[in-house]
2 protein chains.
Amino acid sequence: MSAKIKIKDIAEKTGLSTTTVSRVLTGKAKQYRIGKKSQKIIQEVAKELNYIPNHFAANLRSGKSNTISLIVPSLGNPFFANIASLLNREVRKLGYTLIISDTNEDTKAEMLEIQQLISRNVEGFIIIPCGENFEHIEKLYSQGLPLILLDRYFENSNLPFVSTDNYYGAITATKYLIEHGHTSIACIQGVKSSTPNKMRIKGFKQAMQEVGNTNIHVIGDDFSVQNGYQETKLLLRWKERPTAIFALSNTITMGCLKALKEENIKVPDDISVITFDDHPYLDFLETPITSIAQPVEHVCKIGLKYLLSKLNNELELITDHVTLRPDLKIRNSVKKI
Amino acid sequence: MSAKIKIKDIAEKTGLSTTTVSRVLTGKAKQYRIGKKSQKIIQEVAKELNYIPNHFAANLRSGKSNTISLIVPSLGNPFFANIASLLNREVRKLGYTLIISDTNEDTKAEMLEIQQLISRNVEGFIIIPCGENFEHIEKLYSQGLPLILLDRYFENSNLPFVSTDNYYGAITATKYLIEHGHTSIACIQGVKSSTPNKMRIKGFKQAMQEVGNTNIHVIGDDFSVQNGYQETKLLLRWKERPTAIFALSNTITMGCLKALKEENIKVPDDISVITFDDHPYLDFLETPITSIAQPVEHVCKIGLKYLLSKLNNELELITDHVTLRPDLKIRNSVKKI
DNA sequence: ATATCTTGAATTAACGTTTGTACAAATTTA
DNA sequence: TAAATTTGTACAAACGTTAATTCAAGATAT
């Protein structure tokens, strides 16, 4: 491995100083009135020697890391993987590097991750938090680090977020079921303490109450395939079987469908299903599942925009709590009864 | 934002030198015979002041970044997202940080990414390459940087890789179709130049030849949903419609199923389908699709193990070309005729 | 011809950490 | 008791870059 080329090498070869080389290479030539000829020769020699800047040295000196962090609960979940992919594309466009961290839905890991990232001088944090603890995030925020929560957020915290209007989404889904004649609906929820879950439950109950339906069943406690599976298995054994299931995430739905399949219950003939989160594969399922499609792309882009304006001190917002309305994507999993 | 705590602050507070503090904090206390008392007080003060090491300074001095890079073609593809999630978990366990990059199947982006990562002093590269060019990767390798290709690799290159035995997988799939009486099989391929694709095609042809079937149809040219969709739309209009489709990736299958649905062709009654790549949702499709399940987890773990042994100069292998056999996961998409 | 301004660049000192080396003090050995 | 060894720690330099400051030479104005 040949020794790495540094700015000094270029300086020596061109007969110019390291300062001049640095300024040209970081695009500050005009600002510091470097001559055209010097600029050209520096660029040429840099290319010729295949110069690659040492990020660490540059950052140490300048304090700028040009790095934004994305922390997600699980890349294995297509919903988050999609967000990661999207954000990565956008962030690169802006000349930043995105460091993606996967916490595996573990708050401990999230905290460690954040430490790691601070020591990497990350300039901004995009966080999809896991769990219910947010002290460590608030601490981060209070230290003045630009930060935005996506998708998940905390009600009793002032941390800025961009998220789906989960309340509206749940009302929409529930009303859709009600309009189709369903009165006995089982709602399989995710993590009880998470705000999106709470808002969804709130919307579900609100919609039920509006029509005077007090037959409210909220079950489950995790945004996982297993939870969806287990709860579905159980609810099929209720004395009075619900006519519809409202699953609060794509993962829950997957477990739910697995259970229904095992029990040979047909959707929508034997039971209707509606779900939060959209995904292309929902179109190709045995029965395509009607869903509340979150405006993921907008959530990402708005979140990023917010973060960048904070980064550049550009923006003073009245509020930094943004919710976007999801769409009802009608497929074929709800029967009229 | 309170000023960041540095080693110097701890040194001053404890009355010890920065050297001593550094040595304790990097776990080299024994090696340099730092006294128990000093160790203890340094640890305490570090915690008290909430010291977070400056990664950039440390790396600049030591040359160690403790970072491994993963470059994937697209996190939007669940196959790769899954790999990212898996590797992330494993890498953390080993005390390294994983930087995940998404190239969007663009070689240009891949090259830029690599530059970026070099300037971040990444210690090892795990690459799932996109496209057919590999000069930039070979250059990297020849510079002595530990590197391993996963899943995709290049036949006419000596770059180390861990991948599925695609040839075997394709033979298995094809034989399975043949055993079920199929003689007219359309194989929808991905990127022609990619080695996995080539090996799969080779296996497909080999299996057909073994039974003297010369009715070989290989169509398509991309590992994309669109390609699967378009080619399926077309093949349904052939004079003599094939009785089975062998799709060479999960994305191709998704497009294929979309086309079949639109045309109201039933699987497996009207046409049989088998696919490369497994995914949980395959179980829940209208017809669960029989697949060649790649041993993704093993590929990842072996790849990582290889990389680390290279990193630590531990291992001299005779060959660094590893292929693992995939499994046939029988579901319900192939009809006996 | 002198003063003033503009242009183009170099000097020098940081950034926060790690590392090679040096060196007292305490302890053991002869 | 003097020499040798061990123990515990400090000093100073270095990593590659950038930023503040300074300065020489040429151009322009008076």
# chains A, B, ... in the order shown; residues from 1 in each chain; ligands from 1
>>> interface_residues(of="chain B", to="chain C", cutoff="9 Å", atoms="only C-alpha atoms (C1' of nucleotides)", output="list in words")
Lys6, Ile7, Lys8, Thr19, Ser22, Arg23, Pro53, Asn54, His55, Phe56, Ala57, Ala58, Asn59, Leu60, Arg61 and Ser62 of chain B
>>> write_last_selection(atoms="N, CA and C atoms", output="mmCIF file, in the first residue's frame")
data_model
loop_
_atom_site.group_PDB
_atom_site.id
_atom_site.type_symbol
_atom_site.label_atom_id
_atom_site.label_comp_id
_atom_site.auth_asym_id
_atom_site.auth_seq_id
_atom_site.Cartn_x
_atom_site.Cartn_y
_atom_site.Cartn_z
ATOM 1 N N LYS B 6 -12.708 17.573 27.330
ATOM 2 C CA LYS B 6 -11.630 16.832 26.704
ATOM 3 C C LYS B 6 -10.740 16.185 27.751
ATOM 4 N N ILE B 7 -9.882 15.396 27.249
ATOM 5 C CA ILE B 7 -8.960 14.675 28.107
ATOM 6 C C ILE B 7 -8.194 15.626 29.033
ATOM 7 N N LYS B 8 -7.893 16.771 28.473
ATOM 8 C CA LYS B 8 -7.138 17.770 29.243
ATOM 9 C C LYS B 8 -7.911 18.191 30.504
ATOM 10 N N THR B 19 -1.563 12.094 29.147
ATOM 11 C CA THR B 19 -1.077 10.768 28.756
ATOM 12 C C THR B 19 -1.737 9.690 29.610
ATOM 13 N N SER B 22 -5.435 9.354 28.968
ATOM 14 C CA SER B 22 -5.663 8.662 27.703
ATOM 15 C C SER B 22 -5.460 7.167 27.855
ATOM 16 N N ARG B 23 -4.397 6.821 28.507
ATOM 17 C CA ARG B 23 -4.068 5.390 28.628
ATOM 18 C C ARG B 23 -5.110 4.638 29.440
ATOM 19 N N PRO B 53 -15.204 10.814 24.007
ATOM 20 C CA PRO B 53 -13.941 10.973 23.280
ATOM 21 C C PRO B 53 -14.171 11.565 21.896
ATOM 22 N N ASN B 54 -13.240 12.307 21.438
ATOM 23 C CA ASN B 54 -13.299 12.835 20.085
ATOM 24 C C ASN B 54 -12.677 11.829 19.125
ATOM 25 N N HIS B 55 -13.564 11.176 18.427
ATOM 26 C CA HIS B 55 -13.188 10.134 17.495
ATOM 27 C C HIS B 55 -12.191 10.614 16.453
ATOM 28 N N PHE B 56 -12.385 11.843 16.021
ATOM 29 C CA PHE B 56 -11.575 12.379 14.926
ATOM 30 C C PHE B 56 -10.138 12.584 15.371
ATOM 31 N N ALA B 57 -10.002 13.132 16.562
ATOM 32 C CA ALA B 57 -8.658 13.350 17.070
ATOM 33 C C ALA B 57 -7.957 12.014 17.297
ATOM 34 N N ALA B 58 -8.691 11.100 17.885
ATOM 35 C CA ALA B 58 -8.111 9.789 18.172
ATOM 36 C C ALA B 58 -7.693 9.103 16.889
ATOM 37 N N ASN B 59 -8.576 9.156 15.905
ATOM 38 C CA ASN B 59 -8.257 8.477 14.656
ATOM 39 C C ASN B 59 -7.107 9.145 13.949
ATOM 40 N N LEU B 60 -7.086 10.442 13.989
ATOM 41 C CA LEU B 60 -6.008 11.166 13.301
ATOM 42 C C LEU B 60 -4.669 10.720 13.859
ATOM 43 N N ARG B 61 -4.640 10.597 15.156
ATOM 44 C CA ARG B 61 -3.369 10.227 15.765
ATOM 45 C C ARG B 61 -3.068 8.738 15.567
ATOM 46 N N SER B 62 -4.038 7.925 15.804
ATOM 47 C CA SER B 62 -3.766 6.483 15.862
ATOM 48 C C SER B 62 -3.928 5.792 14.522
#
>>> interface_residues(of="chain B", to="chain D", cutoff="12 Å", atoms="only C-alpha atoms (C1' of nucleotides)", output="PyMOL selection string")
chain B and resi 11+15-21+23+29-39+56-64+119
>>> interface_residues(of="chain B", to="chain A", cutoff="7 Å", atoms="only C-alpha atoms", output="ChimeraX atom specification")
/B:1,52-57,59-60,74-76,78,81-82,85,88,99-100,102,119-120,143-144,257-258,284-287
>>> select_by_dssp(residues="region 39-258 of chain B", states="strand (DSSP E or B)", output="PyMOL selection string")
chain B and resi 67-72+97-102+124-127+147-150+161-164+185-188+216-219+244-247
>>> write_last_selection(atoms="N, CA and C atoms", output="mmCIF file, in the first residue's frame")
data_model
loop_
_atom_site.group_PDB
_atom_site.id
_atom_site.type_symbol
_atom_site.label_atom_id
_atom_site.label_comp_id
_atom_site.auth_asym_id
_atom_site.auth_seq_id
_atom_site.Cartn_x
_atom_site.Cartn_y
_atom_site.Cartn_z
ATOM 1 N N THR B 67 -14.070 1.432 12.229
ATOM 2 C CA THR B 67 -15.243 1.530 11.381
ATOM 3 C C THR B 67 -15.152 0.548 10.222
ATOM 4 N N ILE B 68 -16.267 -0.109 9.964
ATOM 5 C CA ILE B 68 -16.348 -0.992 8.809
ATOM 6 C C ILE B 68 -17.451 -0.472 7.913
ATOM 7 N N SER B 69 -17.235 -0.607 6.629
ATOM 8 C CA SER B 69 -18.197 -0.060 5.684
ATOM 9 C C SER B 69 -19.014 -1.161 5.007
ATOM 10 N N LEU B 70 -20.273 -0.891 4.844
ATOM 11 C CA LEU B 70 -21.117 -1.789 4.053
ATOM 12 C C LEU B 70 -21.725 -0.996 2.914
ATOM 13 N N ILE B 71 -21.492 -1.464 1.709
ATOM 14 C CA ILE B 71 -22.044 -0.780 0.542
ATOM 15 C C ILE B 71 -23.056 -1.699 -0.122
ATOM 16 N N VAL B 72 -24.295 -1.249 -0.177
ATOM 17 C CA VAL B 72 -25.343 -2.074 -0.792
ATOM 18 C C VAL B 72 -25.947 -1.339 -1.988
ATOM 19 N N THR B 97 -18.039 0.143 14.401
ATOM 20 C CA THR B 97 -19.208 0.854 13.904
ATOM 21 C C THR B 97 -19.364 0.511 12.420
ATOM 22 N N LEU B 98 -20.596 0.317 12.008
ATOM 23 C CA LEU B 98 -20.838 0.028 10.593
ATOM 24 C C LEU B 98 -21.397 1.274 9.926
ATOM 25 N N ILE B 99 -20.782 1.666 8.842
ATOM 26 C CA ILE B 99 -21.342 2.743 8.033
ATOM 27 C C ILE B 99 -21.985 2.115 6.811
ATOM 28 N N ILE B 100 -23.286 2.332 6.686
ATOM 29 C CA ILE B 100 -24.011 1.716 5.581
ATOM 30 C C ILE B 100 -24.196 2.728 4.455
ATOM 31 N N SER B 101 -23.837 2.330 3.270
ATOM 32 C CA SER B 101 -24.023 3.208 2.118
ATOM 33 C C SER B 101 -24.936 2.542 1.105
ATOM 34 N N ASP B 102 -25.773 3.352 0.503
ATOM 35 C CA ASP B 102 -26.724 2.859 -0.486
ATOM 36 C C ASP B 102 -26.361 3.489 -1.821
ATOM 37 N N GLY B 124 -12.326 -1.650 6.896
ATOM 38 C CA GLY B 124 -12.638 -2.782 6.031
ATOM 39 C C GLY B 124 -13.900 -2.508 5.239
ATOM 40 N N PHE B 125 -13.982 -3.127 4.081
ATOM 41 C CA PHE B 125 -15.135 -2.919 3.219
ATOM 42 C C PHE B 125 -15.928 -4.206 3.002
ATOM 43 N N ILE B 126 -17.223 -4.119 3.217
ATOM 44 C CA ILE B 126 -18.102 -5.200 2.796
ATOM 45 C C ILE B 126 -18.927 -4.624 1.658
ATOM 46 N N ILE B 127 -18.789 -5.209 0.503
ATOM 47 C CA ILE B 127 -19.419 -4.602 -0.668
ATOM 48 C C ILE B 127 -20.349 -5.578 -1.377
ATOM 49 N N LEU B 147 -11.250 -6.362 2.359
ATOM 50 C CA LEU B 147 -12.433 -6.180 1.538
ATOM 51 C C LEU B 147 -13.056 -7.530 1.260
ATOM 52 N N ILE B 148 -14.385 -7.559 1.291
ATOM 53 C CA ILE B 148 -15.071 -8.797 0.920
ATOM 54 C C ILE B 148 -16.329 -8.454 0.138
ATOM 55 N N LEU B 149 -16.533 -9.193 -0.924
ATOM 56 C CA LEU B 149 -17.760 -9.038 -1.699
ATOM 57 C C LEU B 149 -18.798 -10.009 -1.150
ATOM 58 N N LEU B 150 -20.021 -9.550 -1.064
ATOM 59 C CA LEU B 150 -21.098 -10.420 -0.606
ATOM 60 C C LEU B 150 -22.132 -10.558 -1.719
ATOM 61 N N PHE B 161 -14.897 -13.285 -2.195
ATOM 62 C CA PHE B 161 -16.343 -13.158 -2.027
ATOM 63 C C PHE B 161 -16.928 -14.314 -1.231
ATOM 64 N N VAL B 162 -18.083 -14.042 -0.671
ATOM 65 C CA VAL B 162 -18.927 -15.094 -0.109
ATOM 66 C C VAL B 162 -20.277 -14.933 -0.778
ATOM 67 N N SER B 163 -20.766 -15.988 -1.346
ATOM 68 C CA SER B 163 -22.008 -15.856 -2.099
ATOM 69 C C SER B 163 -22.768 -17.173 -2.070
ATOM 70 N N THR B 164 -23.961 -17.111 -2.556
ATOM 71 C CA THR B 164 -24.757 -18.314 -2.697
ATOM 72 C C THR B 164 -24.252 -19.123 -3.891
ATOM 73 N N ILE B 185 -40.475 -23.617 -20.028
ATOM 74 C CA ILE B 185 -40.191 -22.752 -18.881
ATOM 75 C C ILE B 185 -39.598 -21.429 -19.363
ATOM 76 N N ALA B 186 -40.171 -20.334 -18.876
ATOM 77 C CA ALA B 186 -39.584 -19.030 -19.172
ATOM 78 C C ALA B 186 -38.791 -18.563 -17.969
ATOM 79 N N CYS B 187 -37.541 -18.235 -18.222
ATOM 80 C CA CYS B 187 -36.683 -17.766 -17.129
ATOM 81 C C CYS B 187 -36.504 -16.259 -17.274
ATOM 82 N N ILE B 188 -36.980 -15.516 -16.281
ATOM 83 C CA ILE B 188 -36.815 -14.063 -16.325
ATOM 84 C C ILE B 188 -35.586 -13.689 -15.525
ATOM 85 N N ILE B 216 -35.431 -23.554 -24.609
ATOM 86 C CA ILE B 216 -34.936 -22.685 -23.545
ATOM 87 C C ILE B 216 -35.253 -21.216 -23.797
ATOM 88 N N HIS B 217 -35.980 -20.624 -22.861
ATOM 89 C CA HIS B 217 -36.310 -19.199 -22.995
ATOM 90 C C HIS B 217 -35.733 -18.413 -21.841
ATOM 91 N N VAL B 218 -34.796 -17.535 -22.155
ATOM 92 C CA VAL B 218 -34.280 -16.627 -21.147
ATOM 93 C C VAL B 218 -34.617 -15.207 -21.584
ATOM 94 N N ILE B 219 -35.355 -14.498 -20.739
ATOM 95 C CA ILE B 219 -35.796 -13.163 -21.117
ATOM 96 C C ILE B 219 -35.473 -12.157 -20.000
ATOM 97 N N ALA B 244 -44.465 -22.577 -16.995
ATOM 98 C CA ALA B 244 -43.825 -22.171 -15.732
ATOM 99 C C ALA B 244 -42.894 -20.984 -15.942
ATOM 100 N N ILE B 245 -42.797 -20.189 -14.884
ATOM 101 C CA ILE B 245 -41.872 -19.053 -14.890
ATOM 102 C C ILE B 245 -40.858 -19.254 -13.780
ATOM 103 N N PHE B 246 -39.597 -19.075 -14.133
ATOM 104 C CA PHE B 246 -38.530 -19.119 -13.149
ATOM 105 C C PHE B 246 -37.982 -17.686 -13.046
ATOM 106 N N ALA B 247 -38.321 -17.017 -11.956
ATOM 107 C CA ALA B 247 -37.904 -15.622 -11.782
ATOM 108 C C ALA B 247 -36.627 -15.577 -10.958
#
>>> select_by_dssp(residues="region 68-192 of chain B", states="helix (DSSP H, G or I)", output="PyMOL selection string")
chain B and resi 78-93+107-118+135-142+166-179
>>> atom_distance(atom1="CA of Pro146 (chain A)", atom2="CA of Val299 (chain A)")
17.0 Å
>>> residues_around(residues="Val45 (chain B)", least_positions_apart="3", cutoff="10 Å", atoms="only C-alpha atoms (C1' of nucleotides)", output="JSON, numbers by chain")
{"B": [9, 10, 11, 13, 14, 40, 41, 42, 48, 49, 50, 51]}
>>> write_last_selection(atoms="all heavy atoms", output="compact mmCIF listing (two decimals), in the first residue's frame")
# COMPACT_ATOMS: atom_id res chain seq x y z
N ASP B 9 -9.22 18.33 30.35
CA ASP B 9 -10.03 18.72 31.50
C ASP B 9 -9.95 17.67 32.61
O ASP B 9 -9.86 18.00 33.79
CB ASP B 9 -11.49 18.90 31.07
CG ASP B 9 -11.63 20.00 30.03
OD1 ASP B 9 -11.01 21.06 30.21
OD2 ASP B 9 -12.32 19.77 29.03
N ILE B 10 -10.00 16.44 32.18
CA ILE B 10 -9.91 15.35 33.16
C ILE B 10 -8.54 15.36 33.80
O ILE B 10 -8.40 15.16 35.01
CB ILE B 10 -10.18 13.99 32.47
CG1 ILE B 10 -11.57 14.00 31.84
CG2 ILE B 10 -10.04 12.85 33.48
CD1 ILE B 10 -11.92 12.74 31.13
N ALA B 11 -7.54 15.61 32.99
CA ALA B 11 -6.16 15.65 33.50
C ALA B 11 -6.04 16.71 34.57
O ALA B 11 -5.49 16.47 35.65
CB ALA B 11 -5.21 15.91 32.34
N LYS B 13 -8.38 18.14 36.35
CA LYS B 13 -9.20 17.86 37.52
C LYS B 13 -8.59 16.78 38.42
O LYS B 13 -8.72 16.82 39.64
CB LYS B 13 -10.60 17.44 37.08
CG LYS B 13 -11.56 17.22 38.24
CD LYS B 13 -12.93 17.80 37.98
CE LYS B 13 -13.79 17.70 39.20
NZ LYS B 13 -15.13 18.31 38.98
N THR B 14 -7.95 15.83 37.79
CA THR B 14 -7.37 14.72 38.59
C THR B 14 -5.93 15.02 38.99
O THR B 14 -5.36 14.30 39.80
CB THR B 14 -7.37 13.40 37.78
OG1 THR B 14 -6.64 13.62 36.57
CG2 THR B 14 -8.78 12.97 37.45
N LYS B 40 -8.90 4.57 38.99
CA LYS B 40 -10.24 4.72 39.52
C LYS B 40 -10.71 6.17 39.45
O LYS B 40 -11.81 6.47 38.99
CB LYS B 40 -10.26 4.25 40.99
CG LYS B 40 -11.66 3.91 41.47
CD LYS B 40 -11.65 3.43 42.91
CE LYS B 40 -13.05 3.55 43.51
NZ LYS B 40 -12.97 3.82 44.96
N ILE B 41 -9.84 7.05 39.86
CA ILE B 41 -10.27 8.45 39.89
C ILE B 41 -10.50 8.99 38.48
O ILE B 41 -11.43 9.78 38.23
CB ILE B 41 -9.25 9.33 40.66
CG1 ILE B 41 -9.91 10.67 40.97
CG2 ILE B 41 -7.97 9.53 39.92
CD1 ILE B 41 -9.09 11.59 41.81
N ILE B 42 -9.69 8.52 37.55
CA ILE B 42 -9.86 8.97 36.16
C ILE B 42 -11.22 8.52 35.62
O ILE B 42 -11.97 9.29 35.03
CB ILE B 42 -8.71 8.43 35.27
CG1 ILE B 42 -7.44 9.22 35.58
CG2 ILE B 42 -9.08 8.55 33.80
CD1 ILE B 42 -6.21 8.69 34.90
N GLU B 48 -18.23 11.58 35.56
CA GLU B 48 -18.82 12.75 36.19
C GLU B 48 -18.94 13.91 35.19
O GLU B 48 -19.95 14.61 35.14
CB GLU B 48 -17.95 13.17 37.38
CG GLU B 48 -18.45 14.38 38.13
CD GLU B 48 -17.35 14.92 39.06
OE1 GLU B 48 -16.46 14.13 39.41
OE2 GLU B 48 -17.39 16.12 39.38
N LEU B 49 -17.90 14.10 34.43
CA LEU B 49 -17.91 15.21 33.46
C LEU B 49 -18.60 14.81 32.16
O LEU B 49 -18.71 15.60 31.23
CB LEU B 49 -16.49 15.67 33.16
CG LEU B 49 -15.69 16.22 34.34
CD1 LEU B 49 -14.31 16.66 33.88
CD2 LEU B 49 -16.43 17.40 34.98
N ASN B 50 -19.04 13.57 32.09
CA ASN B 50 -19.68 13.05 30.88
C ASN B 50 -18.77 13.19 29.67
O ASN B 50 -19.13 13.74 28.64
CB ASN B 50 -21.00 13.78 30.63
CG ASN B 50 -21.80 13.12 29.55
OD1 ASN B 50 -21.71 11.91 29.35
ND2 ASN B 50 -22.58 13.90 28.83
N TYR B 51 -17.57 12.68 29.85
CA TYR B 51 -16.59 12.77 28.77
C TYR B 51 -16.96 11.87 27.60
O TYR B 51 -17.29 10.70 27.76
CB TYR B 51 -15.21 12.36 29.29
CG TYR B 51 -14.19 12.18 28.20
CD1 TYR B 51 -13.68 13.29 27.51
CD2 TYR B 51 -13.74 10.92 27.85
CE1 TYR B 51 -12.75 13.12 26.51
CE2 TYR B 51 -12.81 10.75 26.85
CZ TYR B 51 -12.32 11.86 26.17
OH TYR B 51 -11.41 11.69 25.18
>>> residues_around(residues="Glu155 (chain B)", least_positions_apart="2", cutoff="7 Å", atoms="only C-alpha atoms (C1' of nucleotides)", output="list in words")
Tyr153, Ser157 and Thr195 of chain B
>>> atom_distance(atom1="CA of Met111 (chain A)", atom2="CA of Gly131 (chain A)")
11.4 Å
>>> atom_distance(atom1="CA of Gly212 (chain A)", atom2="CA of Ile171 (chain A)")
14.2 Å
>>> decode(residues="region 248-264 of chain A", atoms="N, CA, C and O atoms", output="mmCIF file, in the first residue's frame")
data_model
loop_
_atom_site.group_PDB
_atom_site.id
_atom_site.type_symbol
_atom_site.label_atom_id
_atom_site.label_comp_id
_atom_site.auth_asym_id
_atom_site.auth_seq_id
_atom_site.Cartn_x
_atom_site.Cartn_y
_atom_site.Cartn_z
ATOM 1 N N LEU A 248 -52.401 -2.377 13.684
ATOM 2 C CA LEU A 248 -51.772 -1.052 13.725
ATOM 3 C C LEU A 248 -50.375 -0.970 13.119
ATOM 4 O O LEU A 248 -49.695 0.049 13.261
ATOM 5 N N SER A 249 -49.932 -2.020 12.448
ATOM 6 C CA SER A 249 -48.675 -1.905 11.694
ATOM 7 C C SER A 249 -48.560 -3.024 10.678
ATOM 8 O O SER A 249 -49.274 -4.029 10.748
ATOM 9 N N ASN A 250 -47.632 -2.843 9.759
ATOM 10 C CA ASN A 250 -47.415 -3.861 8.726
ATOM 11 C C ASN A 250 -46.918 -5.171 9.331
ATOM 12 O O ASN A 250 -47.274 -6.255 8.889
ATOM 13 N N THR A 251 -46.091 -5.045 10.362
ATOM 14 C CA THR A 251 -45.561 -6.257 10.981
ATOM 15 C C THR A 251 -46.665 -7.034 11.695
ATOM 16 O O THR A 251 -46.748 -8.260 11.589
ATOM 17 N N ILE A 252 -47.518 -6.291 12.395
ATOM 18 C CA ILE A 252 -48.630 -6.944 13.076
ATOM 19 C C ILE A 252 -49.509 -7.667 12.058
ATOM 20 O O ILE A 252 -49.934 -8.806 12.262
ATOM 21 N N THR A 253 -49.737 -6.999 10.932
ATOM 22 C CA THR A 253 -50.568 -7.599 9.890
ATOM 23 C C THR A 253 -49.974 -8.903 9.380
ATOM 24 O O THR A 253 -50.669 -9.879 9.143
ATOM 25 N N MET A 254 -48.656 -8.887 9.234
ATOM 26 C CA MET A 254 -48.016 -10.095 8.724
ATOM 27 C C MET A 254 -48.265 -11.270 9.673
ATOM 28 O O MET A 254 -48.610 -12.378 9.241
ATOM 29 N N GLY A 255 -48.120 -11.041 10.949
ATOM 30 C CA GLY A 255 -48.384 -12.098 11.923
ATOM 31 C C GLY A 255 -49.849 -12.490 11.921
ATOM 32 O O GLY A 255 -50.199 -13.671 12.024
ATOM 33 N N CYS A 256 -50.685 -11.499 11.800
ATOM 34 C CA CYS A 256 -52.126 -11.726 11.770
ATOM 35 C C CYS A 256 -52.504 -12.631 10.599
ATOM 36 O O CYS A 256 -53.246 -13.608 10.759
ATOM 37 N N LEU A 257 -51.963 -12.316 9.437
ATOM 38 C CA LEU A 257 -52.292 -13.111 8.248
ATOM 39 C C LEU A 257 -51.802 -14.544 8.386
ATOM 40 O O LEU A 257 -52.438 -15.492 7.929
ATOM 41 N N LYS A 258 -50.660 -14.662 9.012
ATOM 42 C CA LYS A 258 -50.107 -15.998 9.234
ATOM 43 C C LYS A 258 -51.073 -16.835 10.077
ATOM 44 O O LYS A 258 -51.357 -18.000 9.749
ATOM 45 N N ALA A 259 -51.577 -16.221 11.130
ATOM 46 C CA ALA A 259 -52.505 -16.927 12.012
ATOM 47 C C ALA A 259 -53.798 -17.275 11.270
ATOM 48 O O ALA A 259 -54.313 -18.390 11.375
ATOM 49 N N LEU A 260 -54.305 -16.309 10.529
ATOM 50 C CA LEU A 260 -55.545 -16.544 9.794
ATOM 51 C C LEU A 260 -55.381 -17.681 8.807
ATOM 52 O O LEU A 260 -56.258 -18.525 8.627
ATOM 53 N N LYS A 261 -54.226 -17.689 8.174
ATOM 54 C CA LYS A 261 -53.953 -18.733 7.192
ATOM 55 C C LYS A 261 -53.943 -20.106 7.865
ATOM 56 O O LYS A 261 -54.557 -21.064 7.383
ATOM 57 N N GLU A 262 -53.248 -20.164 8.972
ATOM 58 C CA GLU A 262 -53.164 -21.437 9.699
ATOM 59 C C GLU A 262 -54.539 -21.950 10.103
ATOM 60 O O GLU A 262 -54.808 -23.151 10.102
ATOM 61 N N GLU A 263 -55.386 -20.995 10.491
ATOM 62 C CA GLU A 263 -56.716 -21.379 10.969
ATOM 63 C C GLU A 263 -57.714 -21.511 9.821
ATOM 64 O O GLU A 263 -58.903 -21.735 10.042
ATOM 65 N N ASN A 264 -57.175 -21.268 8.639
ATOM 66 C CA ASN A 264 -57.999 -21.377 7.426
ATOM 67 C C ASN A 264 -59.192 -20.408 7.449
ATOM 68 O O ASN A 264 -60.284 -20.732 7.012
#
